[in-house]
$ cat model.json   # JSON, C-alpha atoms
[["chain", "number", "residue", "atom", "x", "y", "z"],
["J", 1, "ALA", "CA", 1.99, 4.27, -19.02],
["J", 2, "THR", "CA", -0.86, 2.20, -17.57],
["J", 3, "PHE", "CA", -1.86, 4.95, -15.16],
["J", 4, "ALA", "CA", -1.66, 7.56, -17.90],
["J", 5, "ALA", "CA", -3.98, 5.44, -20.05],
["J", 6, "THR", "CA", -6.40, 4.84, -17.18],
["J", 7, "PHE", "CA", -6.57, 8.54, -16.31],
["J", 8, "SER", "CA", -6.82, 9.57, -19.96],
["J", 9, "THR", "CA", -8.64, 12.84, -19.40],
["J", 10, "PRO", "CA", -7.45, 16.46, -19.25],
["J", 11, "LYS", "CA", -8.59, 16.58, -15.61],
["J", 12, "TYR", "CA", -5.73, 14.37, -14.46],
["J", 13, "ALA", "CA", -1.98, 14.26, -14.99],
["J", 14, "PRO", "CA", -0.71, 11.32, -12.91],
["J", 15, "LEU", "CA", 2.87, 11.48, -11.65],
["J", 16, "VAL", "CA", 4.14, 8.08, -10.48],
["J", 17, "GLN", "CA", 7.03, 8.18, -8.00],
["J", 18, "SER", "CA", 7.21, 4.58, -6.90],
["J", 19, "ILE", "CA", 10.51, 2.71, -6.66],
["J", 20, "GLU", "CA", 10.88, -1.08, -6.64],
["J", 21, "GLY", "CA", 11.48, -2.37, -3.13],
["J", 22, "ASP", "CA", 10.54, 0.97, -1.59],
["J", 23, "MET", "CA", 9.98, 0.96, 2.17],
["J", 24, "THR", "CA", 8.30, 3.53, 4.37],
["J", 25, "GLN", "CA", 11.56, 4.92, 5.76],
["J", 26, "HIS", "CA", 12.88, 5.50, 2.22],
["J", 27, "LEU", "CA", 9.75, 7.41, 1.21],
["J", 28, "LEU", "CA", 9.81, 9.43, 4.43],
["J", 29, "TYR", "CA", 13.38, 10.50, 3.69],
["J", 30, "ARG", "CA", 12.53, 11.54, 0.14],
["J", 31, "LEU", "CA", 9.51, 13.50, 1.29],
["J", 32, "ALA", "CA", 11.51, 15.33, 3.96],
["J", 33, "HIS", "CA", 14.88, 15.82, 2.27],
["J", 34, "ASN", "CA", 14.96, 14.84, -1.36],
["J", 35, "GLY", "CA", 12.44, 17.03, -3.15],
["J", 36, "ALA", "CA", 9.90, 14.26, -3.74],
["J", 37, "LEU", "CA", 7.07, 16.77, -3.37],
["J", 38, "ASN", "CA", 6.55, 18.77, -6.53],
["J", 39, "PRO", "CA", 6.36, 22.47, -5.50],
["J", 40, "GLY", "CA", 3.63, 23.03, -8.07],
["J", 41, "TYR", "CA", 1.39, 20.53, -6.32],
["J", 42, "VAL", "CA", 2.11, 21.26, -2.65],
["J", 43, "THR", "CA", -0.16, 24.31, -2.39],
["J", 44, "ASP", "CA", -2.83, 22.99, -4.76],
["J", 45, "PRO", "CA", -5.93, 21.92, -2.77],
["J", 46, "THR", "CA", -7.16, 19.86, -5.73],
["J", 47, "ALA", "CA", -4.00, 17.70, -5.84],
["J", 48, "ILE", "CA", -4.48, 14.04, -4.88],
["J", 49, "TYR", "CA", -1.70, 11.94, -3.34],
["J", 50, "VAL", "CA", -2.04, 8.16, -3.51],
["J", 51, "VAL", "CA", -0.06, 6.14, -0.97],
["J", 52, "LEU", "CA", 0.50, 2.41, -1.47],
["J", 53, "ILE", "CA", 3.43, 1.05, 0.51],
["J", 54, "GLY", "CA", 4.31, -1.43, 3.23],
["J", 55, "THR", "CA", 4.75, -4.96, 1.88],
["J", 56, "ALA", "CA", 8.47, -4.45, 1.30],
["J", 57, "ASN", "CA", 8.80, -3.58, 4.99],
["J", 58, "LEU", "CA", 7.21, -6.90, 5.93],
["J", 59, "SER", "CA", 9.44, -8.85, 3.56],
["J", 60, "ALA", "CA", 12.48, -7.09, 5.05],
["J", 61, "GLY", "CA", 11.54, -8.43, 8.48],
["J", 62, "HIS", "CA", 9.72, -5.42, 9.92],
["J", 63, "LEU", "CA", 6.90, -6.36, 12.26],
["J", 64, "PRO", "CA", 3.31, -5.42, 11.32],
["J", 65, "GLN", "CA", 3.04, -2.79, 14.05],
["J", 66, "GLU", "CA", 6.16, -0.94, 12.96],
["J", 67, "THR", "CA", 5.13, -1.28, 9.31],
["J", 68, "ALA", "CA", 1.78, 0.36, 10.09],
["J", 69, "ARG", "CA", 3.53, 3.12, 12.04],
["J", 70, "GLY", "CA", 5.76, 3.78, 9.03],
["J", 71, "ILE", "CA", 2.77, 4.01, 6.69],
["J", 72, "LEU", "CA", 1.01, 6.40, 9.04],
["J", 73, "ALA", "CA", 4.17, 8.49, 9.35],
["J", 74, "VAL", "CA", 4.13, 8.90, 5.55],
["J", 75, "VAL", "CA", 0.50, 10.00, 5.71],
["J", 76, "GLN", "CA", 1.26, 12.45, 8.51],
["J", 77, "GLN", "CA", 4.18, 13.90, 6.57],
["J", 78, "LEU", "CA", 1.89, 14.56, 3.63],
["J", 79, "MET", "CA", -0.89, 16.00, 5.77],
["J", 80, "ASP", "CA", 1.56, 18.42, 7.36],
["J", 81, "ARG", "CA", 3.04, 19.61, 4.08],
["J", 82, "VAL", "CA", 0.44, 19.59, 1.33],
["J", 83, "ALA", "CA", -2.92, 21.26, 0.79],
["J", 84, "GLY", "CA", -4.48, 18.41, -1.20],
["J", 85, "ARG", "CA", -6.05, 15.07, -0.30],
["J", 86, "VAL", "CA", -4.40, 11.75, 0.49],
["J", 87, "LEU", "CA", -5.84, 8.42, -0.64],
["J", 88, "LEU", "CA", -4.28, 5.63, 1.40],
["J", 89, "LEU", "CA", -4.53, 2.14, -0.10],
["J", 90, "GLN", "CA", -4.32, -0.95, 2.04],
["J", 91, "PRO", "CA", -1.09, -2.88, 1.25],
["J", 92, "LEU", "CA", -1.53, -5.55, -1.40],
["J", 93, "PRO", "CA", -1.14, -9.26, -0.63],
["J", 94, "ARG", "CA", 2.05, -11.12, -1.47],
["J", 95, "GLY", "CA", 2.52, -14.52, -3.06],
["J", 96, "ASP", "CA", 6.23, -15.11, -2.47],
["J", 97, "THR", "CA", 5.99, -16.63, 1.01],
["J", 98, "ALA", "CA", 8.06, -19.70, 0.17],
["J", 99, "THR", "CA", 11.13, -17.68, -0.78],
["J", 100, "SER", "CA", 10.97, -14.57, 1.41],
["J", 101, "LEU", "CA", 9.41, -15.53, 4.75],
["J", 102, "THR", "CA", 11.69, -18.54, 5.26],
["J", 103, "ALA", "CA", 14.72, -16.27, 5.24],
["J", 104, "LEU", "CA", 13.27, -14.10, 8.04],
["J", 105, "CYS", "CA", 13.18, -16.88, 10.64],
["J", 106, "PRO", "CA", 16.71, -17.54, 11.88],
["J", 107, "THR", "CA", 17.06, -21.12, 13.02],
["J", 108, "PRO", "CA", 17.62, -22.48, 15.61],
["J", 109, "PHE", "CA", 17.05, -19.23, 17.52],
["J", 110, "GLY", "CA", 13.53, -18.29, 16.44],
["J", 111, "GLY", "CA", 12.25, -14.78, 17.11],
["J", 112, "PRO", "CA", 9.36, -12.39, 16.47],
["J", 113, "ARG", "CA", 9.41, -13.15, 12.74],
["J", 114, "CYS", "CA", 8.80, -16.88, 13.41],
["J", 115, "ASP", "CA", 5.70, -18.71, 14.61],
["J", 116, "LYS", "CA", 5.19, -19.84, 18.21],
["J", 117, "ASN", "CA", 7.09, -23.05, 17.47],
["J", 118, "GLY", "CA", 10.11, -21.18, 16.16],
["J", 119, "GLN", "CA", 9.38, -22.12, 12.56],
["J", 120, "ALA", "CA", 9.14, -19.84, 9.53],
["J", 121, "LEU", "CA", 5.75, -18.21, 9.01],
["J", 122, "THR", "CA", 3.71, -19.79, 6.24],
["J", 123, "ALA", "CA", 1.81, -16.76, 4.92],
["J", 124, "TYR", "CA", 1.91, -12.97, 4.77],
["J", 125, "LYS", "CA", -1.83, -12.64, 5.38],
["J", 126, "PRO", "CA", -1.76, -12.59, 9.23],
["J", 127, "GLY", "CA", 0.83, -9.79, 9.20],
["J", 128, "LEU", "CA", -1.04, -7.89, 6.49],
["J", 129, "ASP", "CA", -4.24, -8.22, 8.50],
["J", 130, "LYS", "CA", -2.53, -6.64, 11.50],
["J", 131, "VAL", "CA", -1.32, -3.76, 9.33],
["J", 132, "ARG", "CA", -4.83, -3.36, 7.91],
["J", 133, "TYR", "CA", -6.43, -3.26, 11.36],
["J", 134, "ALA", "CA", -3.89, -0.70, 12.59],
["J", 135, "LEU", "CA", -4.60, 1.59, 9.63],
["J", 136, "GLU", "CA", -8.35, 1.22, 10.09],
["J", 137, "ASN", "CA", -8.05, 2.08, 13.78],
["J", 138, "ALA", "CA", -5.98, 5.18, 13.02],
["J", 139, "MET", "CA", -8.49, 6.56, 10.51],
["J", 140, "ALA", "CA", -10.95, 7.91, 13.08],
["J", 141, "THR", "CA", -8.30, 10.24, 14.50],
["J", 142, "LEU", "CA", -6.96, 11.25, 11.10],
["J", 143, "THR", "CA", -10.35, 11.97, 9.53],
["J", 144, "HIS", "CA", -11.33, 14.03, 12.57],
["J", 145, "ARG", "CA", -8.10, 16.00, 12.39],
["J", 146, "TYR", "CA", -8.17, 16.40, 8.60],
["J", 147, "PRO", "CA", -11.84, 16.28, 7.53],
["J", 148, "ASP", "CA", -12.35, 15.37, 3.86],
["J", 149, "ARG", "CA", -8.60, 15.23, 3.23],
["J", 150, "ILE", "CA", -7.68, 11.65, 4.10],
["J", 151, "HIS", "CA", -9.42, 8.49, 2.88],
["J", 152, "LEU", "CA", -8.56, 4.84, 3.43],
["J", 153, "LEU", "CA", -9.43, 2.79, 0.34],
["J", 154, "GLN", "CA", -9.86, -0.82, 1.32],
["J", 155, "ARG", "CA", -11.63, -2.23, -1.71],
["J", 156, "CYS", "CA", -8.81, -1.45, -4.16],
["J", 157, "ALA", "CA", -6.77, -4.28, -2.65],
["J", 158, "GLN", "CA", -9.63, -6.79, -2.60],
["J", 159, "ALA", "CA", -9.24, -7.84, -6.23],
["J", 160, "PHE", "CA", -5.63, -8.86, -5.53],
["J", 161, "TRP", "CA", -6.54, -11.51, -2.97],
["J", 162, "PRO", "CA", -7.07, -15.01, -4.39],
["J", 163, "THR", "CA", -10.40, -16.13, -5.76],
["J", 164, "ALA", "CA", -12.25, -19.02, -4.10],
["J", 165, "GLU", "CA", -10.77, -21.33, -6.71],
["J", 166, "GLY", "CA", -7.30, -19.94, -6.06],
["J", 167, "ARG", "CA", -7.67, -20.43, -2.31],
["J", 168, "SER", "CA", -8.60, -24.05, -2.91],
["J", 169, "ARG", "CA", -5.24, -24.42, -4.66],
["J", 170, "GLY", "CA", -3.42, -22.78, -1.76],
["J", 171, "GLU", "CA", -2.71, -19.53, -3.62],
["J", 172, "GLU", "CA", -2.07, -16.36, -1.63],
["J", 173, "VAL", "CA", -2.84, -13.84, -4.38],
["J", 174, "ASN", "CA", -4.85, -13.41, -7.56],
["J", 175, "TYR", "CA", -2.05, -14.22, -10.00],
["J", 176, "GLU", "CA", -3.96, -12.66, -12.90],
["J", 177, "LEU", "CA", -3.03, -9.26, -11.45],
["J", 178, "PHE", "CA", 0.60, -9.96, -10.50],
["J", 179, "GLU", "CA", 3.89, -10.57, -12.20],
["J", 180, "ASP", "CA", 5.35, -14.06, -11.83],
["J", 181, "ASP", "CA", 7.08, -13.04, -8.59],
["J", 182, "GLY", "CA", 3.69, -12.78, -6.88],
["J", 183, "TRP", "CA", 4.13, -9.33, -5.38],
["J", 184, "HIS", "CA", 4.59, -6.79, -8.17],
["J", 185, "PRO", "CA", 1.32, -5.90, -9.93],
["J", 186, "ASN", "CA", 1.38, -6.47, -13.69],
["J", 187, "ASN", "CA", -0.27, -4.17, -16.22],
["J", 188, "ARG", "CA", -3.71, -5.58, -15.41],
["J", 189, "GLY", "CA", -3.02, -5.04, -11.73],
["J", 190, "HIS", "CA", -2.00, -1.42, -12.24],
["J", 191, "GLU", "CA", -5.08, -0.89, -14.36],
["J", 192, "ALA", "CA", -7.26, -2.37, -11.59],
["J", 193, "ILE", "CA", -5.76, 0.03, -9.06],
["J", 194, "GLY", "CA", -6.20, 2.96, -11.43],
["J", 195, "ARG", "CA", -9.83, 2.09, -12.15],
["J", 196, "CYS", "CA", -10.58, 1.74, -8.45],
["J", 197, "LEU", "CA", -9.03, 5.13, -7.71],
["J", 198, "LEU", "CA", -10.77, 6.81, -10.64],
["J", 199, "ASP", "CA", -14.17, 5.41, -9.67],
["J", 200, "CYS", "CA", -13.75, 6.63, -6.10],
["J", 201, "ILE", "CA", -12.63, 10.10, -7.19],
["J", 202, "GLU", "CA", -15.27, 10.51, -9.89],
["J", 203, "ASP", "CA", -18.07, 9.30, -7.58],
["J", 204, "GLY", "CA", -17.07, 11.87, -4.99],
["J", 205, "ARG", "CA", -16.42, 9.25, -2.33],
["J", 206, "CYS", "CA", -12.79, 10.29, -1.88]]
$ encode --input "model.json" --output "structure tokens"
Amino acid sequence: ATFAATFSTPKYAPLVQSIEGDMTQHLLYRLAHNGALNPGYVTDPTAIYVVLIGTANLSAGHLPQETARGILAVVQQLMDRVAGRVLLLQPLPRGDTATSLTALCPTPFGGPRCDKNGQALTAYKPGLDKVRYALENAMATLTHRYPDRIHLLQRCAQAFWPTAEGRSRGEEVNYELFEDDGWHPNNRGHEAIGRCLLDCIEDGRC
């Protein structure tokens, strides 16, 4: 409903296919086998596909590198199968470190999901930064291979990071744009994403 209100113009008919807790491998399966691609859109060169996924992979224990590979596999699947454009959003920050990251560090064994001292990681930001860098590095190849059909939107996620005041309080996200759980955008968050997308599309930047 929020996206429909944001894109309230006859030019756009947004179709939201997100699922709570969705991970890249789930979306890849649906794209390949489960009819997630609407046949009416596949051959339409004006169709726009927005991809925002990845944080659920990190909270499930996937490493940043494999999370980025999963996101890029989703993009590649779309590029291979549709005629339209893909707008890839950087994954949003998460504010549920205390509950989710602790469970990913098995004590006393440690492992790749723990810090160098074998303790639970204290923030999602380092992992998200690695995902962000991997996506940025992949864009040169993708934009060369698919000119004007793939765009990485970095600024849409910026509003979701904490303000200076929030950082001083130790916050990991801008809670004005999230539900109480700290990782699902609320209505204001969805509106912020929609406005960012609409501005980019209408300005001809993506």
$ closest_residue --input "model.json" --among "J:Val74, J:Arg205, J:Asp22, J:Pro64" --to "Tyr133 in chain J" --atoms "only C-alpha atoms"
J:Pro64
$ closest_residue --input "model.json" --among "J:Gly70, J:Gly54, J:Gly61, J:Gly95" --to "Asp181 in chain J" --atoms "only C-alpha atoms"
J:Gly95
$ atom_distance --input "model.json" --atom1 "CA of Gly35 in chain J" --atom2 "CA of Ile71 in chain J"
19.0 Å
$ residues_around --input "model.json" --residues "range 158-172 of chain J" --least-positions-apart "6" --cutoff "10 Å" --atoms "all atoms listed in the file" --output "ChimeraX atom specification"
/J:90,92-97,123-125,178,182-183,185,189,192-193,196
$ atom_distance --input "model.json" --atom1 "CA of Asp80 in chain J" --atom2 "CA of Ala56 in chain J"
24.6 Å
$ residues_around --input "model.json" --residues "Leu142 in chain J" --least-positions-apart "5" --cutoff "10 Å" --atoms "only C-alpha atoms" --output "ChimeraX atom specification"
/J:72,75-76,79,137,147-151
$ residues_near_point --input "model.json" --point "(9.7, -2.9, -0.4)" --cutoff "12 Å" --atoms "only C-alpha atoms" --output "JSON list (two decimals) with C-alpha atoms, in the frame of the given file"
[["chain", "number", "residue", "atom", "x", "y", "z"],
["J", 18, "SER", "CA", 7.21, 4.58, -6.90],
["J", 19, "ILE", "CA", 10.51, 2.71, -6.66],
["J", 20, "GLU", "CA", 10.88, -1.08, -6.64],
["J", 21, "GLY", "CA", 11.48, -2.37, -3.13],
["J", 22, "ASP", "CA", 10.54, 0.97, -1.59],
["J", 23, "MET", "CA", 9.98, 0.96, 2.17],
["J", 24, "THR", "CA", 8.30, 3.53, 4.37],
["J", 25, "GLN", "CA", 11.56, 4.92, 5.76],
["J", 26, "HIS", "CA", 12.88, 5.50, 2.22],
["J", 27, "LEU", "CA", 9.75, 7.41, 1.21],
["J", 52, "LEU", "CA", 0.50, 2.41, -1.47],
["J", 53, "ILE", "CA", 3.43, 1.05, 0.51],
["J", 54, "GLY", "CA", 4.31, -1.43, 3.23],
["J", 55, "THR", "CA", 4.75, -4.96, 1.88],
["J", 56, "ALA", "CA", 8.47, -4.45, 1.30],
["J", 57, "ASN", "CA", 8.80, -3.58, 4.99],
["J", 58, "LEU", "CA", 7.21, -6.90, 5.93],
["J", 59, "SER", "CA", 9.44, -8.85, 3.56],
["J", 60, "ALA", "CA", 12.48, -7.09, 5.05],
["J", 61, "GLY", "CA", 11.54, -8.43, 8.48],
["J", 62, "HIS", "CA", 9.72, -5.42, 9.92],
["J", 67, "THR", "CA", 5.13, -1.28, 9.31],
["J", 91, "PRO", "CA", -1.09, -2.88, 1.25],
["J", 92, "LEU", "CA", -1.53, -5.55, -1.40],
["J", 94, "ARG", "CA", 2.05, -11.12, -1.47],
["J", 100, "SER", "CA", 10.97, -14.57, 1.41],
["J", 183, "TRP", "CA", 4.13, -9.33, -5.38],
["J", 184, "HIS", "CA", 4.59, -6.79, -8.17]]
$ closest_residue --input "model.json" --among "J:Arg155, J:Thr141, J:Arg81, J:Glu66" --to "Pro45 in chain J" --atoms "only C-alpha atoms"
J:Arg81
$ closest_residue --input "model.json" --among "J:Gln77, J:Thr102, J:Thr143, J:Gln65" --to "Pro126 in chain J" --atoms "all atoms listed in the file"
J:Gln65
$ residues_around --input "model.json" --residues "Thr43 in chain J" --least-positions-apart "5" --cutoff "8 Å" --atoms "only C-alpha atoms" --output "ChimeraX atom specification"
/J:82-84
$ closest_residue --input "model.json" --among "J:Ala140, J:Asp115, J:Leu78, J:Pro106" --to "Leu28 in chain J" --atoms "only C-alpha atoms"
J:Leu78
$ atom_distance --input "model.json" --atom1 "CA of Ala157 in chain J" --atom2 "CA of Asn174 in chain J"
10.5 Å
$ closest_residue --input "model.json" --among "J:Ala134, J:Leu104, J:Val16, J:Val50" --to "Ala4 in chain J" --atoms "all atoms listed in the file"
J:Val16
$ residues_near_point --input "model.json" --point "(7.6, -12.4, 13.4)" --cutoff "10 Å" --atoms "all atoms listed in the file" --output "number ranges by chain"
J: 58, 61-64, 101, 104-105, 110-116, 118-121, 127
$ write_last_selection --input "model.json" --atoms "C-alpha atoms" --output "PDB file, in the frame of the given file"
ATOM      1  CA  LEU J  58       7.210  -6.900   5.930  1.00  0.00           C
ATOM      2  CA  GLY J  61      11.540  -8.430   8.480  1.00  0.00           C
ATOM      3  CA  HIS J  62       9.720  -5.420   9.920  1.00  0.00           C
ATOM      4  CA  LEU J  63       6.900  -6.360  12.260  1.00  0.00           C
ATOM      5  CA  PRO J  64       3.310  -5.420  11.320  1.00  0.00           C
ATOM      6  CA  LEU J 101       9.410 -15.530   4.750  1.00  0.00           C
ATOM      7  CA  LEU J 104      13.270 -14.100   8.040  1.00  0.00           C
ATOM      8  CA  CYS J 105      13.180 -16.880  10.640  1.00  0.00           C
ATOM      9  CA  GLY J 110      13.530 -18.290  16.440  1.00  0.00           C
ATOM     10  CA  GLY J 111      12.250 -14.780  17.110  1.00  0.00           C
ATOM     11  CA  PRO J 112       9.360 -12.390  16.470  1.00  0.00           C
ATOM     12  CA  ARG J 113       9.410 -13.150  12.740  1.00  0.00           C
ATOM     13  CA  CYS J 114       8.800 -16.880  13.410  1.00  0.00           C
ATOM     14  CA  ASP J 115       5.700 -18.710  14.610  1.00  0.00           C
ATOM     15  CA  LYS J 116       5.190 -19.840  18.210  1.00  0.00           C
ATOM     16  CA  GLY J 118      10.110 -21.180  16.160  1.00  0.00           C
ATOM     17  CA  GLN J 119       9.380 -22.120  12.560  1.00  0.00           C
ATOM     18  CA  ALA J 120       9.140 -19.840   9.530  1.00  0.00           C
ATOM     19  CA  LEU J 121       5.750 -18.210   9.010  1.00  0.00           C
ATOM     20  CA  GLY J 127       0.830  -9.790   9.200  1.00  0.00           C
TER      21      GLY J 127
END
$ residues_around --input "model.json" --residues "Pro14 in chain J" --least-positions-apart "5" --cutoff "12 Å" --atoms "only C-alpha atoms" --output "PDB file with C-alpha atoms, keeping the file's coordinate frame"
ATOM      1  CA  ALA J   1       1.990   4.270 -19.020  1.00  0.00           C
ATOM      2  CA  THR J   2      -0.860   2.200 -17.570  1.00  0.00           C
ATOM      3  CA  PHE J   3      -1.860   4.950 -15.160  1.00  0.00           C
ATOM      4  CA  ALA J   4      -1.660   7.560 -17.900  1.00  0.00           C
ATOM      5  CA  ALA J   5      -3.980   5.440 -20.050  1.00  0.00           C
ATOM      6  CA  THR J   6      -6.400   4.840 -17.180  1.00  0.00           C
ATOM      7  CA  PHE J   7      -6.570   8.540 -16.310  1.00  0.00           C
ATOM      8  CA  SER J   8      -6.820   9.570 -19.960  1.00  0.00           C
ATOM      9  CA  THR J   9      -8.640  12.840 -19.400  1.00  0.00           C
ATOM     10  CA  TYR J  41       1.390  20.530  -6.320  1.00  0.00           C
ATOM     11  CA  ALA J  47      -4.000  17.700  -5.840  1.00  0.00           C
ATOM     12  CA  ILE J  48      -4.480  14.040  -4.880  1.00  0.00           C
ATOM     13  CA  TYR J  49      -1.700  11.940  -3.340  1.00  0.00           C
ATOM     14  CA  VAL J  50      -2.040   8.160  -3.510  1.00  0.00           C
ATOM     15  CA  GLY J 194      -6.200   2.960 -11.430  1.00  0.00           C
ATOM     16  CA  LEU J 197      -9.030   5.130  -7.710  1.00  0.00           C
ATOM     17  CA  LEU J 198     -10.770   6.810 -10.640  1.00  0.00           C
TER      18      LEU J 198
END
